[in-house]
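Right, one structure below, let's go through it.
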Amino acid sequence: MNGLAFFLFLVIVALTLVITYYASKRTKTTSEFYTADSSLTGWQNGLAIAGDYMSAASFLGIAGMIALAGFDGFFYSIGFLVAYLVVLYIVAEPLRNLGKYTMADMIAARFDDKKVRGVAALNTIAISTFYMIAQLVGAGGLIKLLLGIDYIYSVLIVGILMTVYVVFGGMTATSWVQIIKAVLLMIGTFIISLIVFGKFDFSIAKMFHQLKTATPLGDAFLTPGNKFKNPLDTISLNLALVLGTAGLPHILIRFFTVKDAPTARKSVVYATWIIGIFYVLTIFLGFGAAAFVGHDKIIAADPAGNMAAPLLAEALGGDFLFAFVAAVAFATILAVVAGLVLSAASAFAHDFYSHIIRRGQATEKEQMLAARWASIGVSVLSILLALFAQKMNVAFLVSLAFAVAASANLPTIVFTIFWRRFNTTGAITGMLVGLISALLLVFFSPNVWSPEPGAAIFVGEPLFKLSNPGIISIPLGFIGAIIGTLVSAKKADEKKFTEILVKANTGIGRV
Amino acid sequence: MAVKKQSFAEWPGVDYEALAQSAMFRGLIQEKKAFIIPATIFFFAFYFTLPILTSYSNVLNAPAIGPVSWAWLFAFAQFVMTWALCILYSKRAAKFDEIVEQMKQEAKEGGNV
């Protein structure tokens, strides 16, 4: 075990617990618990969005994919960034103006119907759970590789920490853990990139030249097509990436932490700068690992390539840089899972308990208690699922989360704001069709079925040939919403739409 | 006590119908549409051109600058495009905010126009 890495892990644990202690003093009401009382500035929320979004899958996964597959790995970087234009133009400001604590609040602002809220909350829970299991299983494996701690203990450590942050510190603690993580991640990535670039004499031309011979792929390393061979699958993935972010509940709830729509907009712009710079730098991480660690060593440490960035740090800066990057990866995992716990817990406590079961009659005290118990429940359930899923390859769950977000949430969000005729039935059918079609298509996909034993969860020919369902399930989500609206006997409440239109665009009358 | 920023109390009996009909609000929606619709069509087209070209053709594999191919330049252009559209929207949105502020003033004064 690397002693320095262990020490830095402890420093991060201590720091985040101190944050949680101070945050707990400012977490007495539901508004403080769910939204940090909407007190964050644009900059703070911009950093927190970046910290919430750039998961270990981005940091370690994309670095590994670029190192092993060259250009194709970079597709993820592009999709993850361009997606923020959808968030900025279409979702962020109306969401801030219409919602209070959850994504379901926004839909329910137009359709005051228990079923609508229930289905929206179900989607939030589904997306957050898939995402969280992928993160926790990844975390368990990573901490094992980085520190030599057993998988079970690694998952438990991460799981207990995330529970503590959320239960005691709510959104305030979660936000500050995310802010600190974003700063650490940017510093770590920037230092490694600078050293890598220096090794190529700060010449892009020299870097590209050298990469043509540095990997087993030869010239092909720099051309597209090493990883994604099926054109439809590539386009399907890109579709889910660019449309999914705007439907991810743990990102959407971040917009309630600022005071108004203009600040929400500013926070997206700051986040886009930070996230964009990070994803440009993933080229240096990937190229650096390919050139200075080498294909064989990356594969030997972890066949999926997740160790590329830490190994690169070790190759460049020895034990110290390795320890620092390992600690950054740890902080990255903690920040993302805390955000996921909060979003799933808010759907349970605010949507299901306070609104559906108690019909909005629960007292402030009861709501707070529900929020805390829901956080504990979500955490325990995710930890158990992650422990069961240890031997499974669950990396596809992240793209499943993006596909469900794009297919089930985005169509309904868009129609709620823009379509006058849209009605309750359409909202329900749109969300359910998107959710179910994405789930079924992934269940029958090569992620779950492979003729090769061990390559997927089940052995057999996949019925659906694409790894990503987006190209089918996203249109289905929109079509489901349209057909549901048209066949329903209910007429749209035009007055309500007018009200929503004014509220969404001005914030007048905001709750 | 939690909701202290803007509560319904500050907006008693807002006539949304009248607000929606007001020239100011219709102008706001017009201006928003005039920016967001073309910008969205543009960035989707720009974004999907990359995977479509790399999947169905080899045109982007030609070298552009030294050893750097067009595929990499186009990929980097996606970042520049995203940042540029962010800046453009921020500037445009400052104007939207002014209109909204004016609407709020008038709504509070009871004019509701």
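We name chains A, B, ... following the order of the structure tokens; residues begin at 1 in each chain, and ligands are numbered from 1 as shown.
The residue set within 9 Å of B:Val59, counting only C-alpha atoms and dropping same-chain residues fewer than 6 places from it, reads Leu53, Trp70 and Ala71 of chain B.
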Export of the given selection (C-alpha atoms) as a PDB file, in the first residue's frame:
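Here's the written file again08.pdb:
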```pdb
ATOM      1  CA  LEU B  53     -18.739  11.779 -41.100  1.00  0.00           C
ATOM      2  CA  TRP B  70      -9.448  17.067 -39.784  1.00  0.00           C
ATOM      3  CA  ALA B  71     -11.225  14.733 -37.351  1.00  0.00           C
TER       4      ALA B  71
END
```
Worksheet item: When DSSP works through the backbone of this structure, what residues of stretch 13-63 of chain B end up as helix (DSSP H, G or I), shown as an MDAnalysis selection string?
Response: chainID B and resid 16:21 23:56 59:61
Residues from the last selection, N, CA and C atoms, saved as a CSV table (one decimal), in the first residue's frame:
```
chain,number,residue,atom,x,y,z
B,16,TYR,N,-52.2,36.2,-15.2
B,16,TYR,CA,-51.2,35.6,-16.2
B,16,TYR,C,-51.7,35.8,-17.6
B,17,GLU,N,-53.0,35.7,-17.8
B,17,GLU,CA,-53.6,35.8,-19.1
B,17,GLU,C,-53.2,37.2,-19.7
B,18,ALA,N,-53.3,38.3,-18.8
B,18,ALA,CA,-53.0,39.6,-19.3
B,18,ALA,C,-51.5,39.8,-19.5
B,19,LEU,N,-50.8,39.2,-18.6
B,19,LEU,CA,-49.3,39.3,-18.8
B,19,LEU,C,-48.9,38.6,-20.1
B,20,ALA,N,-49.5,37.4,-20.4
B,20,ALA,CA,-49.1,36.7,-21.6
B,20,ALA,C,-49.5,37.5,-22.8
B,21,GLN,N,-50.6,38.3,-22.7
B,21,GLN,CA,-51.0,39.0,-23.9
B,21,GLN,C,-50.2,40.3,-24.1
B,23,ALA,N,-47.6,43.3,-24.8
B,23,ALA,CA,-46.6,43.4,-25.9
B,23,ALA,C,-45.2,43.1,-25.4
B,24,MET,N,-45.0,43.4,-24.1
B,24,MET,CA,-43.6,43.2,-23.6
B,24,MET,C,-43.3,41.7,-23.5
B,25,PHE,N,-44.3,40.9,-23.0
B,25,PHE,CA,-44.0,39.5,-22.9
B,25,PHE,C,-43.9,38.8,-24.3
B,26,ARG,N,-44.8,39.2,-25.2
B,26,ARG,CA,-44.8,38.6,-26.5
B,26,ARG,C,-43.5,38.9,-27.2
B,27,GLY,N,-43.0,40.2,-27.0
B,27,GLY,CA,-41.7,40.6,-27.5
B,27,GLY,C,-40.6,39.7,-27.0
B,28,LEU,N,-40.7,39.4,-25.6
B,28,LEU,CA,-39.6,38.6,-25.0
B,28,LEU,C,-39.6,37.2,-25.6
B,29,ILE,N,-40.8,36.6,-25.8
B,29,ILE,CA,-40.8,35.2,-26.3
B,29,ILE,C,-40.3,35.2,-27.8
B,30,GLN,N,-40.7,36.3,-28.5
B,30,GLN,CA,-40.2,36.4,-29.9
B,30,GLN,C,-38.7,36.4,-29.9
B,31,GLU,N,-38.1,37.3,-29.1
B,31,GLU,CA,-36.6,37.4,-29.1
B,31,GLU,C,-36.0,36.2,-28.7
B,32,LYS,N,-36.5,35.5,-27.7
B,32,LYS,CA,-35.9,34.2,-27.2
B,32,LYS,C,-36.0,33.2,-28.3
B,33,LYS,N,-37.1,33.1,-29.0
B,33,LYS,CA,-37.3,32.1,-30.1
B,33,LYS,C,-36.3,32.4,-31.2
B,34,ALA,N,-36.1,33.7,-31.5
B,34,ALA,CA,-35.3,34.1,-32.6
B,34,ALA,C,-33.8,33.7,-32.3
B,35,PHE,N,-33.5,33.6,-31.1
B,35,PHE,CA,-32.1,33.1,-30.8
B,35,PHE,C,-32.0,31.6,-30.6
B,36,ILE,N,-32.9,31.1,-29.7
B,36,ILE,CA,-32.7,29.7,-29.3
B,36,ILE,C,-33.0,28.7,-30.4
B,37,ILE,N,-34.0,28.9,-31.2
B,37,ILE,CA,-34.3,27.9,-32.2
B,37,ILE,C,-33.2,27.8,-33.3
B,38,PRO,N,-32.8,28.9,-33.9
B,38,PRO,CA,-31.7,28.7,-34.9
B,38,PRO,C,-30.4,28.2,-34.2
B,39,ALA,N,-30.1,28.7,-33.0
B,39,ALA,CA,-28.8,28.2,-32.4
B,39,ALA,C,-28.9,26.7,-32.1
B,40,THR,N,-30.1,26.2,-31.6
B,40,THR,CA,-30.2,24.8,-31.3
B,40,THR,C,-30.1,24.0,-32.6
B,41,ILE,N,-30.7,24.4,-33.6
B,41,ILE,CA,-30.6,23.6,-34.9
B,41,ILE,C,-29.2,23.6,-35.3
B,42,PHE,N,-28.5,24.7,-35.2
B,42,PHE,CA,-27.1,24.8,-35.6
B,42,PHE,C,-26.2,23.9,-34.8
B,43,PHE,N,-26.4,23.9,-33.5
B,43,PHE,CA,-25.4,23.1,-32.7
B,43,PHE,C,-25.7,21.6,-32.8
B,44,PHE,N,-27.0,21.2,-33.0
B,44,PHE,CA,-27.2,19.8,-33.3
B,44,PHE,C,-26.6,19.3,-34.6
B,45,ALA,N,-26.8,20.2,-35.6
B,45,ALA,CA,-26.2,19.8,-36.9
B,45,ALA,C,-24.7,19.7,-36.8
B,46,PHE,N,-24.1,20.7,-36.2
B,46,PHE,CA,-22.7,20.7,-36.1
B,46,PHE,C,-22.2,19.5,-35.3
B,47,TYR,N,-22.9,19.2,-34.2
B,47,TYR,CA,-22.5,18.1,-33.4
B,47,TYR,C,-22.6,16.8,-34.1
B,48,PHE,N,-23.7,16.5,-34.7
B,48,PHE,CA,-23.9,15.2,-35.4
B,48,PHE,C,-23.1,15.0,-36.7
B,49,THR,N,-22.7,16.1,-37.3
B,49,THR,CA,-21.9,16.0,-38.5
B,49,THR,C,-20.6,15.2,-38.2
B,50,LEU,N,-20.1,15.4,-37.0
B,50,LEU,CA,-18.8,14.7,-36.7
B,50,LEU,C,-19.0,13.1,-36.6
B,51,PRO,N,-19.9,12.6,-35.8
B,51,PRO,CA,-20.0,11.1,-35.8
B,51,PRO,C,-20.5,10.6,-37.1
B,52,ILE,N,-21.3,11.3,-37.8
B,52,ILE,CA,-21.8,10.8,-39.1
B,52,ILE,C,-20.7,10.8,-40.1
B,53,LEU,N,-19.9,11.8,-40.2
B,53,LEU,CA,-18.7,11.8,-41.1
B,53,LEU,C,-17.7,10.7,-40.7
B,54,THR,N,-17.4,10.5,-39.4
B,54,THR,CA,-16.4,9.5,-39.0
B,54,THR,C,-17.0,8.1,-39.2
B,55,SER,N,-18.3,8.0,-39.1
B,55,SER,CA,-18.9,6.6,-39.2
B,55,SER,C,-19.0,6.2,-40.7
B,56,TYR,N,-19.4,7.1,-41.5
B,56,TYR,CA,-19.8,6.7,-42.9
B,56,TYR,C,-18.8,7.1,-44.0
B,59,VAL,N,-13.3,11.0,-45.0
B,59,VAL,CA,-12.9,12.4,-45.4
B,59,VAL,C,-12.1,13.1,-44.3
B,60,LEU,N,-12.5,12.8,-43.0
B,60,LEU,CA,-11.9,13.6,-41.9
B,60,LEU,C,-10.5,13.0,-41.5
B,61,ASN,N,-10.1,11.9,-42.1
B,61,ASN,CA,-8.8,11.3,-41.8
B,61,ASN,C,-7.7,11.9,-42.5
```
Item to complete: Report as a ChimeraX atom specification the set of chain A residues whose atoms approach chain B to within 8 Å, with distances computed over only C-alpha atoms.
Response: /A:29-32,37,71,78,81-82,85-86,88-89,205,208-209,223-225,229-231,234-235,238,259,262,265-266,269,272-273,276,280,495,498-499,501-502,505-506,508-511
Selection from above, C-alpha atoms, as an mmCIF file, in the first residue's frame, can you write it?
```cif
data_model
loop_
_atom_site.group_PDB
_atom_site.id
_atom_site.type_symbol
_atom_site.label_atom_id
_atom_site.label_comp_id
_atom_site.auth_asym_id
_atom_site.auth_seq_id
_atom_site.Cartn_x
_atom_site.Cartn_y
_atom_site.Cartn_z
ATOM 1 C CA THR A 29 -35.233 23.199 7.254
ATOM 2 C CA THR A 30 -36.261 21.305 4.137
ATOM 3 C CA SER A 31 -35.250 24.256 1.990
ATOM 4 C CA GLU A 32 -31.774 24.122 3.538
ATOM 5 C CA ASP A 37 -31.610 27.553 0.944
ATOM 6 C CA PHE A 71 -9.886 9.137 -31.090
ATOM 7 C CA ILE A 78 -17.360 15.965 -26.782
ATOM 8 C CA LEU A 81 -19.722 18.928 -23.032
ATOM 9 C CA VAL A 82 -22.014 19.857 -25.938
ATOM 10 C CA LEU A 85 -26.006 23.709 -24.561
ATOM 11 C CA VAL A 86 -29.265 21.773 -24.197
ATOM 12 C CA LEU A 88 -28.440 26.134 -20.996
ATOM 13 C CA TYR A 89 -30.913 26.875 -23.794
ATOM 14 C CA ALA A 205 2.693 18.312 -33.882
ATOM 15 C CA PHE A 208 0.637 13.586 -32.634
ATOM 16 C CA HIS A 209 3.727 12.389 -34.500
ATOM 17 C CA THR A 223 -8.233 7.932 -36.603
ATOM 18 C CA PRO A 224 -11.834 7.198 -35.580
ATOM 19 C CA GLY A 225 -13.218 3.666 -35.685
ATOM 20 C CA LYS A 229 -17.403 0.025 -35.465
ATOM 21 C CA ASN A 230 -21.170 0.129 -35.878
ATOM 22 C CA PRO A 231 -22.188 3.544 -37.265
ATOM 23 C CA THR A 234 -21.980 5.512 -32.551
ATOM 24 C CA ILE A 235 -24.791 7.883 -33.455
ATOM 25 C CA ASN A 238 -23.889 10.470 -29.238
ATOM 26 C CA LYS A 259 -31.626 32.312 -6.081
ATOM 27 C CA PRO A 262 -30.270 34.452 -14.300
ATOM 28 C CA ARG A 265 -27.889 30.487 -16.313
ATOM 29 C CA LYS A 266 -24.583 31.924 -15.093
ATOM 30 C CA VAL A 269 -21.941 28.973 -18.272
ATOM 31 C CA THR A 272 -19.393 24.721 -19.223
ATOM 32 C CA TRP A 273 -16.028 26.493 -19.099
ATOM 33 C CA GLY A 276 -14.885 21.994 -21.320
ATOM 34 C CA VAL A 280 -9.870 19.065 -23.612
ATOM 35 C CA LYS A 495 -55.078 28.723 -18.857
ATOM 36 C CA THR A 498 -50.393 30.362 -20.196
ATOM 37 C CA GLU A 499 -49.505 30.608 -16.524
ATOM 38 C CA LEU A 501 -45.371 30.028 -19.997
ATOM 39 C CA VAL A 502 -45.238 33.317 -18.087
ATOM 40 C CA ASN A 505 -39.909 32.740 -18.808
ATOM 41 C CA THR A 506 -40.071 35.414 -16.127
ATOM 42 C CA ILE A 508 -43.140 35.937 -11.821
ATOM 43 C CA GLY A 509 -45.171 34.211 -9.120
ATOM 44 C CA ARG A 510 -42.425 31.747 -8.354
ATOM 45 C CA VAL A 511 -42.881 29.560 -5.312
#
```
Fill in: Shell of 9 Å around A:Leu147, only C-alpha atoms, local chain residues under 3 positions omitted, as a list in words
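Result of the neighbour search: Met1, Asn2, Gly3, Ala5, Phe6, Leu142, Ile143, Lys144, Asp150 and Ala326 of chain A.
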Since we have the selection now, will you write its residues out, keeping C-alpha atoms, as an mmCIF file, in the first residue's frame?
```
data_model
loop_
_atom_site.group_PDB
_atom_site.id
_atom_site.type_symbol
_atom_site.label_atom_id
_atom_site.label_comp_id
_atom_site.auth_asym_id
_atom_site.auth_seq_id
_atom_site.Cartn_x
_atom_site.Cartn_y
_atom_site.Cartn_z
ATOM 1 C CA MET A 1 0.000 0.000 0.000
ATOM 2 C CA ASN A 2 1.125 3.499 -0.811
ATOM 3 C CA GLY A 3 1.421 5.255 2.571
ATOM 4 C CA ALA A 5 -1.934 7.861 -0.828
ATOM 5 C CA PHE A 6 -3.480 6.506 2.339
ATOM 6 C CA LEU A 142 -10.654 1.403 -7.886
ATOM 7 C CA ILE A 143 -9.901 1.810 -4.211
ATOM 8 C CA LYS A 144 -8.824 -1.802 -4.239
ATOM 9 C CA ASP A 150 -10.836 -5.092 -0.125
ATOM 10 C CA ALA A 326 -5.572 8.538 -6.320
#
```
Practice prompt. Would you kindly return, as a ChimeraX atom specification, each protein, DNA or RNA residue with an atom no farther than 7 Å from any atom of A:Ser55, considering only C-alpha atoms and excluding same-chain residues fewer than 4 positions away?
Written response: /A:59,332-333,336
Discussion item. Show me, as a list of chain:residue names, the residues that have an atom within 7 Å of stretch 366-377 of chain A when counting only C-alpha atoms, minus same-chain residues fewer than 5 positions from it.
Written reply: A:Thr29, A:Thr30, A:Thr163, A:Val166, A:Val167, A:Val341, A:Leu342, A:Ala345, A:Ser346, A:Phe348, A:Ala349, A:Ser354
Those same residues - N, CA and C atoms - I'd like them written as a compact mmCIF listing (two decimals), in the first residue's frame.
```
# COMPACT_ATOMS: atom_id res chain seq x y z
N THR A 29 -33.94 23.19 7.95
CA THR A 29 -35.23 23.20 7.25
C THR A 29 -35.14 22.38 5.97
N THR A 30 -36.29 22.06 5.39
CA THR A 30 -36.26 21.30 4.14
C THR A 30 -35.61 22.12 3.03
N THR A 163 -23.47 8.73 2.96
CA THR A 163 -24.65 8.81 3.81
C THR A 163 -24.48 9.93 4.84
N VAL A 166 -24.86 13.50 3.32
CA VAL A 166 -26.22 13.89 2.94
C VAL A 166 -27.13 13.98 4.16
N VAL A 167 -27.08 12.98 5.03
CA VAL A 167 -28.01 12.96 6.17
C VAL A 167 -27.78 14.17 7.07
N VAL A 341 -27.28 10.36 -4.06
CA VAL A 341 -28.09 10.03 -2.88
C VAL A 341 -29.13 11.12 -2.66
N LEU A 342 -28.68 12.37 -2.75
CA LEU A 342 -29.59 13.48 -2.49
C LEU A 342 -30.74 13.50 -3.50
N ALA A 345 -33.09 10.53 -2.79
CA ALA A 345 -33.79 10.72 -1.51
C ALA A 345 -34.86 11.80 -1.64
N SER A 346 -34.59 12.85 -2.42
CA SER A 346 -35.59 13.91 -2.56
C SER A 346 -36.82 13.39 -3.30
N PHE A 348 -37.95 10.29 -3.11
CA PHE A 348 -38.68 9.49 -2.12
C PHE A 348 -39.39 10.39 -1.11
N ALA A 349 -38.65 11.29 -0.49
CA ALA A 349 -39.18 12.04 0.64
C ALA A 349 -40.10 13.18 0.21
N SER A 354 -44.08 13.40 1.00
CA SER A 354 -44.77 14.65 1.34
C SER A 354 -45.95 14.94 0.42
```
